[in-house]
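This report refers to the structure that appears directly beneath it.
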Amino acid sequence: MLQKTRARVQTLPLGVRQFVKFATVGVMNTAIDWGLAFLLTYYTPLPRMLGTAFVNLTGAPFRPEAAAVWFTKIISSGTATVNSFIWNRRWTFRIRDKRARTRQFAKFVTVNIIGMLLNSTITTLLVRPFLPEPPRLVFMACQATATAIVLFWNFFMNKYWTFRGASGVSIES
């Protein structure tokens, strides 16, 4: 079955194959992101402490619970971003040129920081009506919505900016 799936994928155009691989890596990274966000939100005091400290120190005009969600998503998304760079560089876009790695990582992080900010903001806005303690399924649904939106931003920016024209790119998967 795996061989048949691989053979079918090979018949797809390169851009489609890359999107399928990018989405596959995205599933793994989403598991890391959501799992860590879930653990931080429901099993540790860290996000609440950071959210409260941020609001108290800056006088930001929003509730500490909203800041806690935002910090949670920054931590969890950041962790997933490093994993994502490694997999997408090596497997999705097949980059082997070590000289370009630092520049590509800087671009990748830039794209993903914007993606994290979008994801964190969308998640926070969607979860906000359910604060201070959003039901777990609501929290996960809000993350799913934000992730689906940001998926397209990340793919197109990485394909056409981060890894565009990279030497050592292989057309084969």
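Residues are named by chain letter and number: chains run A, B, ... in the order of the structure tokens, numbers start at 1 in each chain, and ligands are numbered from 1 in the order shown.
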Considering only C-alpha atoms, give me a table of residues in stretch 93-142 of chain A that are at most 10 Å from stretch 51-63 of chain A, with the closest atom pair and distance in Å for each, as a Markdown table.
```
| residue | atom | partner | partner_atom | distance |
| --- | --- | --- | --- | --- |
| A:Arg128 | CA | A:Arg63 | CA | 9.4 |
| A:Leu131 | CA | A:Arg63 | CA | 9.1 |
| A:Pro132 | CA | A:Arg63 | CA | 8.8 |
```
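Proximity to A:Phe85 at 12 Å, evaluated using only C-alpha atoms and with sequence-adjacent residues fewer than 6 positions away removed, yields Phe22, Val25, Gly26, Asn29, Gly78, Thr79, Trp91, Thr92, Phe93, Arg94, Ile95, Arg101, Thr102, Gln104, Phe105, Ala106, Lys107, Phe108, Val109, Thr110, Val111, Asn112, Asn154, Phe155, Asn158, Thr162 and Phe163 of chain A.
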Spatial neighbours of stretch 30-32 of chain A, 12 Å, only C-alpha atoms, chain gap at least 4 places, as a PyMOL selection string: chain A and resi 22-26+36-40+73+75-84+116+119+140+143-148+150-151
Alpha helix (DSSP H) call set, DSSP backbone run, stretch 29-131 of chain A, as a VMD selection string: chain A and resid 29 to 43 46 to 58 64 to 87 101 to 127
Keeping only C-alpha atoms, write the selected residues to a file as a compact mmCIF listing (two decimals), in the first residue's frame.
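For reference, selection_0.txt as written:
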```txt
# COMPACT_ATOMS: atom_id res chain seq x y z
CA ASN A 29 4.46 19.99 13.51
CA THR A 30 0.83 20.59 14.35
CA ALA A 31 0.97 17.64 16.74
CA ILE A 32 4.04 19.19 18.39
CA ASP A 33 2.48 22.66 18.47
CA TRP A 34 -0.95 21.62 19.73
CA GLY A 35 0.36 19.01 22.14
CA LEU A 36 2.75 21.47 23.75
CA ALA A 37 0.09 24.21 23.78
CA PHE A 38 -2.37 21.84 25.43
CA LEU A 39 0.16 20.78 28.07
CA LEU A 40 1.20 24.38 28.78
CA THR A 41 -2.40 25.60 28.96
CA TYR A 42 -3.90 22.89 31.13
CA TYR A 43 -1.00 21.39 33.07
CA LEU A 46 3.88 29.08 32.95
CA PRO A 47 1.52 30.75 30.44
CA ARG A 48 -0.62 32.29 33.20
CA MET A 49 2.49 33.58 34.93
CA LEU A 50 3.86 35.06 31.69
CA GLY A 51 0.50 36.54 30.72
CA THR A 52 -0.04 38.15 34.11
CA ALA A 53 3.53 39.48 34.26
CA PHE A 54 3.27 40.89 30.73
CA VAL A 55 -0.01 42.70 31.39
CA ASN A 56 1.21 44.00 34.78
CA LEU A 57 4.57 45.20 33.41
CA THR A 58 3.30 46.76 30.20
CA PRO A 64 -3.94 38.26 31.41
CA GLU A 65 -5.75 35.11 30.22
CA ALA A 66 -5.59 36.36 26.62
CA ALA A 67 -1.88 37.13 27.00
CA ALA A 68 -1.41 33.62 28.44
CA VAL A 69 -2.95 32.06 25.31
CA TRP A 70 -0.71 34.24 23.14
CA PHE A 71 2.47 33.24 25.05
CA THR A 72 1.45 29.58 24.97
CA LYS A 73 1.11 29.67 21.20
CA ILE A 74 4.42 31.49 20.75
CA ILE A 75 6.26 28.82 22.78
CA SER A 76 4.55 25.86 21.14
CA SER A 77 4.76 27.28 17.60
CA GLY A 78 8.42 28.19 18.06
CA THR A 79 9.28 24.64 19.03
CA ALA A 80 7.44 23.28 16.01
CA THR A 81 9.16 25.79 13.71
CA VAL A 82 12.64 24.41 14.31
CA ASN A 83 11.39 20.89 13.60
CA SER A 84 9.59 22.16 10.50
CA PHE A 85 12.69 23.82 9.04
CA ILE A 86 14.72 20.63 9.29
CA TRP A 87 12.07 18.43 7.67
CA ARG A 101 21.42 26.93 5.24
CA THR A 102 21.92 29.98 7.49
CA ARG A 103 20.27 32.38 5.04
CA GLN A 104 17.41 29.94 4.46
CA PHE A 105 16.95 29.41 8.18
CA ALA A 106 16.74 33.20 8.68
CA LYS A 107 14.11 33.46 5.94
CA PHE A 108 12.26 30.40 7.25
CA VAL A 109 12.19 31.83 10.77
CA THR A 110 10.97 35.18 9.41
CA VAL A 111 8.11 33.49 7.54
CA ASN A 112 7.28 31.38 10.56
CA ILE A 113 7.45 34.26 13.03
CA ILE A 114 4.87 36.06 10.93
CA GLY A 115 2.93 32.78 10.74
CA MET A 116 3.21 32.33 14.52
CA LEU A 117 1.98 35.87 15.09
CA LEU A 118 -0.93 35.25 12.73
CA ASN A 119 -1.67 31.88 14.34
CA SER A 120 -1.38 33.21 17.88
CA THR A 121 -3.52 36.24 17.12
CA ILE A 122 -6.21 34.25 15.30
CA THR A 123 -6.29 31.62 18.07
CA THR A 124 -6.47 34.31 20.75
CA LEU A 125 -9.28 36.18 18.98
CA LEU A 126 -11.27 32.98 18.49
CA VAL A 127 -10.74 31.74 22.06
```
Counting only C-alpha atoms, the residue of A:Cys142, A:Arg89, A:Arg99, A:Pro129 that sits nearest A:Arg164: A:Arg89
